[in-house]
Amino acid sequence: MAQAQVVEYLYLEEGDKLNHLKKVKLDTSQIEDAKTYAHLIESASIFQENHRLQRRASSNDAYANLQTYLKTINIEKVWDKYTGGLSRSGKEIIVAIVDDGIDTLHEDLKQNIYINTDEIKWNGIDDDGNGYIDDYYGWNGADSIAKVNSLYGGTHGTSIAGIIGARGNNDTGITGINWNTKLLNLSAFGFENIGGDYSVANCFEYILANKKLYIQSNGSKGINTAIVSLSIGVEDEFPIDNPIWCAYLDSFGLYGIMISNAAPNSPKNIDITGDIPSTCLSRNLITVNNGNDNIANNSAFGTTHVDIAADGLNVLTTAAPSKTSSLGPYNYVNGASYSSPQVAGVMALILEASCNAFHQHLIDSTEQAIELFREWILTGDTLLALKNYNAIGGRLNAYSVLLAMDKWCLARDNTYNTKRIASKNLQLFPNPAISGSLINMSIPHVSEAHLFIISNTGKTVFKGLLNQSQYKLPALRAGVYQVHVRQKQRVYHSKLLIL
Ligand SMILES: [Ca+2]
Ligand SMILES: [Ca+2]
Ligand SMILES: [Ca+2]
């Protein structure tokens, strides 16, 4: 369920010069069939999103330079190419945070909170038919109700949410690893501010039931959770006494959902002492401890059940209303609870960046795709000082993850290396092309669509039925052309440069 979002577009009426650019705001939920949109596309010689300018590679958020942990994971080199948002096929990347709730009204989080727009809040009815009444902002698994945040809850969850996805480049506060993402708020603590296996199981069930519904309904219902962030658990326990946790994590694996989990904050070897969920054997589970150049004094460790470290010391992130500091609704926090969300955040960013071939792999060969994704995430910096503390003997490096993914995708998906264009649904490659050469296009549902190539003066220089995904271009003069694929009221557009 795509969330409605107002996007500003620029257009030029046919015959007008570039200095007559006009602006129009459209709700993305209406765009695919809005008459206004179709009309504009028909009559305009230029039509494109009014993209917000980005300062390359670093955000404009006031406190971003205080987020030293982001430098440690080498995130800026990833931001040169990807800052979070929709996947290549236009899907939202949803990260479920199972914790004590998120301050959904926080100035730097509210735009990135997942909203179930098919549900009407507080009318006592399950409007979207997913089995959960009024689940507009998420779900409270402790009290089995839709109201997620208690007066006391949300201090821990709000800090986690900011690391994964505080809004980036909005001139406000900090920046998340994902500038744009969707954070699903699930509380396992509820109004009593007490959590147990039962409340966790309810949150897990919410994720699973909605994922199943999403798949069964071909995306028209349910919630497509991709990543689960866990910074909660039960120390000194093994799977034999905790079948519920491990069964749910295994079930997530069947649907290609990855989990990032925080190791405990006590200096012990959990391979020996146990920990749930860290000792669950699910391959889609990655357990993270707290370390940078060295292991943190209070971090748990284990070369079998802990996979990788991330820096959880002095992590500046978003703060719940009861935890504000001199920086406003932001504060410094410490612990593996804040290491794990760095892995969850990188998982989401890499999933957003990854090629269509990987997303298909995740559907067709889920088990192998999970192994591959796991391998990418665990491509970290190895350090002698971390050697005996986790399985890779190292810490997270987001750029290394990107390179590992790049390598796989470049070898398998010839759409991967193409720059994404204004319409997220139509990819054209090669772009630029040479007049008369073959071009390929990748769009959803090509049946009964028409292809138009329009010059920069607004003249249609080619039109034809689009019944294949590869086309021989007509002879065209060098220049920039708009390529439209029109399907009933839907219009996908891209630009093409002919050399
Ligand atoms: Ca519902
Ligand atoms: Ca409702
Ligand atoms: Ca921000």
# chains A, B, ... in the order shown; residues from 1 in each chain; ligands from 1
>>> residues_around(residues="Trp408 (chain A)", least_positions_apart="3", cutoff="12 Å", atoms="only C-alpha atoms", output="list in words")
Ser354, Cys355, Asn356, Ala357, Phe358, His361, Ala369, Leu372, Phe373, Glu375, Trp376, Val401, Leu402, Leu403, Ala404, Met405, Ala411, Arg412, Asp413, Asn414, Tyr416 and Asn417 of chain A
>>> write_last_selection(atoms="C-alpha atoms", output="compact mmCIF listing (two decimals), in the first residue's frame")
# COMPACT_ATOMS: atom_id res chain seq x y z
CA SER A 354 19.80 -3.48 -5.13
CA CYS A 355 18.90 -4.61 -8.62
CA ASN A 356 15.57 -6.06 -9.67
CA ALA A 357 17.35 -9.40 -10.15
CA PHE A 358 18.05 -9.56 -6.42
CA HIS A 361 15.94 -13.85 -6.32
CA ALA A 369 19.00 -14.93 -1.48
CA LEU A 372 23.72 -13.84 -0.28
CA PHE A 373 22.29 -10.83 1.56
CA GLU A 375 27.23 -12.36 3.01
CA TRP A 376 26.92 -8.76 1.73
CA VAL A 401 28.28 -3.86 1.55
CA LEU A 402 27.38 -1.67 -1.42
CA LEU A 403 30.40 -2.89 -3.39
CA ALA A 404 29.55 -6.53 -2.67
CA MET A 405 25.97 -5.96 -3.85
CA ALA A 411 26.93 -9.54 -13.29
CA ARG A 412 23.23 -10.39 -13.46
CA ASP A 413 21.02 -7.46 -14.28
CA ASN A 414 21.62 -5.27 -17.31
CA TYR A 416 21.18 -2.26 -12.82
CA ASN A 417 23.78 0.17 -14.06
>>> closest_atom_pairs(of="chain A", to="ligand 1", cutoff="10 Å", atoms="only C-alpha atoms and all ligand atoms", output="tab-separated table")
residue	atom	partner	partner_atom_place_in_ligand_line	distance
A:Asn116	CA	ligand 1	1 (Ca)	8.0
A:Thr117	CA	ligand 1	1 (Ca)	9.8
A:Asp118	CA	ligand 1	1 (Ca)	7.8
A:Glu119	CA	ligand 1	1 (Ca)	5.5
A:Ile120	CA	ligand 1	1 (Ca)	8.2
A:Lys121	CA	ligand 1	1 (Ca)	9.0
A:Gly124	CA	ligand 1	1 (Ca)	9.7
A:Ile125	CA	ligand 1	1 (Ca)	7.5
A:Asp126	CA	ligand 1	1 (Ca)	4.2
A:Asp127	CA	ligand 1	1 (Ca)	5.6
A:Asp128	CA	ligand 1	1 (Ca)	4.9
A:Gly129	CA	ligand 1	1 (Ca)	5.4
A:Asn130	CA	ligand 1	1 (Ca)	4.8
A:Gly131	CA	ligand 1	1 (Ca)	5.7
A:Tyr132	CA	ligand 1	1 (Ca)	4.1
A:Ile133	CA	ligand 1	1 (Ca)	4.6
A:Asp134	CA	ligand 1	1 (Ca)	5.4
A:Asp135	CA	ligand 1	1 (Ca)	5.0
A:Tyr136	CA	ligand 1	1 (Ca)	7.3
A:Gly138	CA	ligand 1	1 (Ca)	9.5
A:Trp139	CA	ligand 1	1 (Ca)	9.7
A:Ala146	CA	ligand 1	1 (Ca)	9.0
A:Asn210	CA	ligand 1	1 (Ca)	9.6
A:Lys221	CA	ligand 1	1 (Ca)	9.8
A:Gly222	CA	ligand 1	1 (Ca)	8.7
>>> write_last_selection(atoms="C-alpha atoms", output="mmCIF file, in the first residue's frame")
data_model
loop_
_atom_site.group_PDB
_atom_site.id
_atom_site.type_symbol
_atom_site.label_atom_id
_atom_site.label_comp_id
_atom_site.auth_asym_id
_atom_site.auth_seq_id
_atom_site.Cartn_x
_atom_site.Cartn_y
_atom_site.Cartn_z
ATOM 1 C CA ASN A 116 -1.402 2.292 7.031
ATOM 2 C CA THR A 117 -3.399 4.595 4.782
ATOM 3 C CA ASP A 118 -6.039 1.941 4.050
ATOM 4 C CA GLU A 119 -7.060 1.985 7.703
ATOM 5 C CA ILE A 120 -9.228 4.732 9.221
ATOM 6 C CA LYS A 121 -7.921 5.465 12.683
ATOM 7 C CA GLY A 124 -13.333 0.819 15.860
ATOM 8 C CA ILE A 125 -13.406 -0.930 12.476
ATOM 9 C CA ASP A 126 -10.793 -2.997 10.675
ATOM 10 C CA ASP A 127 -11.165 -0.961 7.492
ATOM 11 C CA ASP A 128 -8.448 -2.667 5.476
ATOM 12 C CA GLY A 129 -9.456 -6.168 6.562
ATOM 13 C CA ASN A 130 -6.030 -7.265 7.775
ATOM 14 C CA GLY A 131 -7.414 -8.562 11.081
ATOM 15 C CA TYR A 132 -6.274 -5.565 13.127
ATOM 16 C CA ILE A 133 -8.655 -2.791 14.161
ATOM 17 C CA ASP A 134 -7.445 0.803 13.686
ATOM 18 C CA ASP A 135 -3.821 -0.144 12.975
ATOM 19 C CA TYR A 136 -3.031 3.181 11.362
ATOM 20 C CA GLY A 138 1.342 0.336 13.875
ATOM 21 C CA TRP A 139 0.417 -2.102 16.602
ATOM 22 C CA ALA A 146 -3.697 -0.078 17.931
ATOM 23 C CA ASN A 210 0.536 -8.649 7.059
ATOM 24 C CA LYS A 221 -3.396 -5.506 1.022
ATOM 25 C CA GLY A 222 -1.144 -6.073 4.012
#
>>> closest_atom_pairs(of="chain A", to="ligand 3", cutoff="6 Å", atoms="only C-alpha atoms and all ligand atoms", output="JSON lines")
{"residue": "A:Asp61", "atom": "CA", "partner": "ligand 3", "partner_atom_place_in_ligand_line": "1 (Ca)", "distance": 5.1}
{"residue": "A:Asp108", "atom": "CA", "partner": "ligand 3", "partner_atom_place_in_ligand_line": "1 (Ca)", "distance": 5.2}
{"residue": "A:Ala166", "atom": "CA", "partner": "ligand 3", "partner_atom_place_in_ligand_line": "1 (Ca)", "distance": 5.7}
{"residue": "A:Arg167", "atom": "CA", "partner": "ligand 3", "partner_atom_place_in_ligand_line": "1 (Ca)", "distance": 4.4}
{"residue": "A:Gly168", "atom": "CA", "partner": "ligand 3", "partner_atom_place_in_ligand_line": "1 (Ca)", "distance": 4.3}
{"residue": "A:Asn169", "atom": "CA", "partner": "ligand 3", "partner_atom_place_in_ligand_line": "1 (Ca)", "distance": 5.7}
{"residue": "A:Asn170", "atom": "CA", "partner": "ligand 3", "partner_atom_place_in_ligand_line": "1 (Ca)", "distance": 5.1}
{"residue": "A:Thr172", "atom": "CA", "partner": "ligand 3", "partner_atom_place_in_ligand_line": "1 (Ca)", "distance": 4.3}
{"residue": "A:Gly173", "atom": "CA", "partner": "ligand 3", "partner_atom_place_in_ligand_line": "1 (Ca)", "distance": 4.6}
{"residue": "A:Ile174", "atom": "CA", "partner": "ligand 3", "partner_atom_place_in_ligand_line": "1 (Ca)", "distance": 4.4}
{"residue": "A:Thr175", "atom": "CA", "partner": "ligand 3", "partner_atom_place_in_ligand_line": "1 (Ca)", "distance": 4.5}
>>> write_last_selection(atoms="N, CA and C atoms", output="PDB file, in the first residue's frame")
ATOM      1  N   ASP A  61      21.565  18.502   7.661  1.00  0.00           N
ATOM      2  CA  ASP A  61      21.012  18.482   9.013  1.00  0.00           C
ATOM      3  C   ASP A  61      22.041  19.005  10.022  1.00  0.00           C
ATOM      4  N   ASP A 108      11.781  14.950  13.337  1.00  0.00           N
ATOM      5  CA  ASP A 108      12.704  14.370  12.368  1.00  0.00           C
ATOM      6  C   ASP A 108      12.343  12.924  12.004  1.00  0.00           C
ATOM      7  N   ALA A 166      15.919   8.683  10.552  1.00  0.00           N
ATOM      8  CA  ALA A 166      15.532  10.084  10.746  1.00  0.00           C
ATOM      9  C   ALA A 166      15.582  10.734   9.360  1.00  0.00           C
ATOM     10  N   ARG A 167      14.655  11.640   9.093  1.00  0.00           N
ATOM     11  CA  ARG A 167      14.606  12.265   7.779  1.00  0.00           C
ATOM     12  C   ARG A 167      15.924  12.982   7.495  1.00  0.00           C
ATOM     13  N   GLY A 168      16.508  12.719   6.351  1.00  0.00           N
ATOM     14  CA  GLY A 168      17.782  13.350   6.012  1.00  0.00           C
ATOM     15  C   GLY A 168      17.590  14.541   5.105  1.00  0.00           C
ATOM     16  N   ASN A 169      18.513  15.484   5.189  1.00  0.00           N
ATOM     17  CA  ASN A 169      18.534  16.641   4.301  1.00  0.00           C
ATOM     18  C   ASN A 169      17.270  17.491   4.405  1.00  0.00           C
ATOM     19  N   ASN A 170      16.719  17.592   5.607  1.00  0.00           N
ATOM     20  CA  ASN A 170      15.509  18.410   5.806  1.00  0.00           C
ATOM     21  C   ASN A 170      15.808  19.614   6.702  1.00  0.00           C
ATOM     22  N   THR A 172      16.908  19.738   9.533  1.00  0.00           N
ATOM     23  CA  THR A 172      16.414  19.515  10.890  1.00  0.00           C
ATOM     24  C   THR A 172      17.192  18.392  11.554  1.00  0.00           C
ATOM     25  N   GLY A 173      17.727  18.674  12.744  1.00  0.00           N
ATOM     26  CA  GLY A 173      18.264  17.622  13.607  1.00  0.00           C
ATOM     27  C   GLY A 173      19.355  16.779  13.004  1.00  0.00           C
ATOM     28  N   ILE A 174      19.135  15.469  13.029  1.00  0.00           N
ATOM     29  CA  ILE A 174      20.151  14.513  12.589  1.00  0.00           C
ATOM     30  C   ILE A 174      19.758  13.945  11.231  1.00  0.00           C
ATOM     31  N   THR A 175      20.535  12.990  10.769  1.00  0.00           N
ATOM     32  CA  THR A 175      20.106  12.260   9.575  1.00  0.00           C
ATOM     33  C   THR A 175      20.202  10.767   9.840  1.00  0.00           C
TER      34      THR A 175
END
>>> select_by_dssp(residues="region 116-355 of chain A", states="strand (DSSP E)", output="MDAnalysis selection string")
chainID A and resid 139:140 182:187 225:230 234:235 258:262 275:276 285:290 308:310 315:318 330:333
>>> closest_residue(among="A:Ile270, A:Leu249, A:Leu438, A:Leu383", to="Asn289 (chain A)", atoms="only C-alpha atoms")
A:Ile270
>>> closest_residue(among="A:His156, A:Lys323, A:Lys147, A:His359", to="ligand 2", atoms="only C-alpha atoms and all ligand atoms")
A:Lys147
>>> atom_distance(atom1="CA of Leu208 (chain A)", atom2="CA of Ala344 (chain A)")
17.8 Å
>>> select_by_dssp(residues="region 126-257 of chain A", states="helix (DSSP H, G or I)", output="MDAnalysis selection string")
chainID A and resid 155:165 197:216 239:241 243:254
>>> atom_distance(atom1="CA of Gln216 (chain A)", atom2="CA of Val346 (chain A)")
28.0 Å
>>> decode(residues="region 214-362 of chain A", atoms="C-alpha atoms", output="compact mmCIF listing (two decimals), in the first residue's frame")
# COMPACT_ATOMS: atom_id res chain seq x y z
CA TYR A 214 0.63 -8.62 1.01
CA ILE A 215 1.88 -11.61 -0.98
CA GLN A 216 -1.53 -13.30 -1.26
CA SER A 217 -3.20 -10.10 -2.47
CA ASN A 218 -0.39 -9.32 -4.90
CA GLY A 219 0.44 -6.14 -3.02
CA SER A 220 -3.06 -4.69 -2.70
CA LYS A 221 -3.40 -5.51 1.02
CA GLY A 222 -1.14 -6.07 4.01
CA ILE A 223 2.29 -4.64 4.79
CA ASN A 224 5.45 -5.57 2.95
CA THR A 225 7.95 -5.56 5.83
CA ALA A 226 11.47 -6.16 4.52
CA ILE A 227 13.61 -5.73 7.64
CA VAL A 228 12.98 -6.22 11.36
CA SER A 229 15.02 -4.28 13.90
CA LEU A 230 15.34 -5.90 17.33
CA SER A 231 17.13 -4.34 20.28
CA ILE A 232 15.28 -6.43 22.86
CA GLY A 233 15.75 -9.97 24.09
CA VAL A 234 16.07 -12.36 26.99
CA GLU A 235 19.55 -12.96 28.38
CA ASP A 236 21.02 -16.32 29.45
CA GLU A 237 18.54 -18.36 27.46
CA PHE A 238 18.82 -20.91 24.64
CA PRO A 239 16.40 -21.85 21.82
CA ILE A 240 15.33 -25.08 23.50
CA ASP A 241 13.41 -23.12 26.13
CA ASN A 242 12.35 -20.42 23.67
CA PRO A 243 10.77 -22.07 20.64
CA ILE A 244 8.41 -19.15 19.99
CA TRP A 245 11.07 -16.55 19.21
CA CYS A 246 13.10 -18.82 16.96
CA ALA A 247 9.99 -20.15 15.15
CA TYR A 248 8.92 -16.63 14.25
CA LEU A 249 12.39 -15.67 13.07
CA ASP A 250 12.47 -18.81 10.90
CA SER A 251 9.03 -17.90 9.52
CA PHE A 252 10.31 -14.43 8.62
CA GLY A 253 13.01 -16.21 6.65
CA LEU A 254 10.43 -18.06 4.56
CA TYR A 255 9.22 -14.67 3.36
CA GLY A 256 12.66 -13.17 2.83
CA ILE A 257 12.50 -10.85 5.87
CA MET A 258 15.91 -10.06 7.37
CA ILE A 259 16.43 -9.32 11.08
CA SER A 260 19.08 -7.26 12.81
CA ASN A 261 19.40 -8.04 16.50
CA ALA A 262 21.41 -6.43 19.32
CA ALA A 263 23.63 -8.58 21.55
CA PRO A 264 23.24 -7.87 25.31
CA ASN A 265 25.09 -5.12 27.15
CA SER A 266 27.10 -7.26 29.53
CA PRO A 267 30.65 -8.49 28.94
CA LYS A 268 30.06 -12.21 28.55
CA ASN A 269 30.35 -14.90 25.92
CA ILE A 270 26.79 -15.60 24.85
CA ASP A 271 27.90 -18.71 22.95
CA ILE A 272 28.29 -20.14 26.48
CA THR A 273 25.78 -18.21 28.57
CA GLY A 274 23.03 -18.03 25.96
CA ASP A 275 20.79 -15.23 24.72
CA ILE A 276 17.48 -15.03 22.90
CA PRO A 277 17.13 -14.30 20.06
CA SER A 278 20.92 -14.23 19.41
CA THR A 279 21.28 -18.02 19.68
CA CYS A 280 18.37 -18.79 17.33
CA LEU A 281 19.87 -20.45 14.27
CA SER A 282 17.85 -18.57 11.61
CA ARG A 283 20.13 -17.53 8.74
CA ASN A 284 18.15 -14.34 8.22
CA LEU A 285 19.16 -13.22 11.73
CA ILE A 286 22.24 -11.03 12.12
CA THR A 287 23.38 -10.34 15.67
CA VAL A 288 25.37 -7.20 16.35
CA ASN A 289 27.58 -6.23 19.27
CA ASN A 290 29.05 -2.92 20.32
CA GLY A 291 32.51 -2.14 19.02
CA ASN A 292 34.53 0.30 17.02
CA ASP A 293 38.34 0.11 17.07
CA ASN A 294 37.90 -2.04 20.15
CA ILE A 295 35.09 -3.98 21.72
CA ALA A 296 33.02 -1.82 24.11
CA ASN A 297 33.65 -2.58 27.79
CA ASN A 298 30.13 -3.79 28.42
CA SER A 299 29.50 -5.59 25.14
CA ALA A 300 28.56 -9.25 24.97
CA PHE A 301 30.50 -11.32 22.45
CA GLY A 302 30.72 -14.75 20.85
CA THR A 303 32.32 -15.97 17.66
CA THR A 304 29.38 -18.27 16.86
CA HIS A 305 26.28 -16.32 17.78
CA VAL A 306 27.43 -12.72 17.31
CA ASP A 307 28.08 -11.81 13.69
CA ILE A 308 29.42 -8.27 13.46
CA ALA A 309 30.01 -5.09 15.49
CA ALA A 310 28.94 -1.47 15.04
CA ASP A 311 29.86 1.56 17.13
CA GLY A 312 27.29 1.99 19.89
CA LEU A 313 29.18 4.57 21.99
CA ASN A 314 27.95 8.18 22.10
CA VAL A 315 25.39 7.71 19.37
CA LEU A 316 23.51 10.94 18.70
CA THR A 317 19.94 10.21 17.67
CA THR A 318 16.32 11.30 18.02
CA ALA A 319 14.92 11.48 21.56
CA ALA A 320 11.42 10.93 22.94
CA PRO A 321 9.80 13.98 24.66
CA SER A 322 10.93 12.82 28.12
CA LYS A 323 14.59 12.51 27.01
CA THR A 324 15.32 15.83 25.34
CA SER A 325 18.71 17.49 25.85
CA SER A 326 20.37 20.84 25.17
CA LEU A 327 20.19 19.80 21.50
CA GLY A 328 16.39 19.67 21.69
CA PRO A 329 14.62 16.39 20.90
CA TYR A 330 17.95 14.62 20.30
CA ASN A 331 20.36 12.96 22.71
CA TYR A 332 23.42 10.73 23.00
CA VAL A 333 22.80 7.09 23.80
CA ASN A 334 25.05 4.09 24.44
CA GLY A 335 24.81 0.35 23.95
CA ALA A 336 24.47 -2.47 21.44
CA SER A 337 20.82 -1.41 21.15
CA TYR A 338 22.16 1.40 18.98
CA SER A 339 24.70 -0.75 17.11
CA SER A 340 22.07 -3.10 15.72
CA PRO A 341 19.91 -0.37 14.09
CA GLN A 342 22.98 0.66 12.09
CA VAL A 343 22.94 -2.80 10.53
CA ALA A 344 19.15 -2.64 10.06
CA GLY A 345 19.54 0.77 8.39
CA VAL A 346 22.24 -0.47 6.02
CA MET A 347 20.09 -3.52 5.20
CA ALA A 348 17.24 -1.20 4.18
CA LEU A 349 19.50 1.11 2.16
CA ILE A 350 21.14 -1.79 0.29
CA LEU A 351 17.77 -3.37 -0.41
CA GLU A 352 16.58 -0.08 -1.84
CA ALA A 353 19.68 0.13 -4.03
CA SER A 354 19.80 -3.48 -5.13
CA CYS A 355 18.90 -4.61 -8.62
CA ASN A 356 15.57 -6.06 -9.67
CA ALA A 357 17.35 -9.40 -10.15
CA PHE A 358 18.05 -9.56 -6.42
CA HIS A 359 14.46 -8.71 -5.48
CA GLN A 360 13.34 -11.50 -7.82
CA HIS A 361 15.94 -13.85 -6.32
CA LEU A 362 14.48 -13.10 -2.90
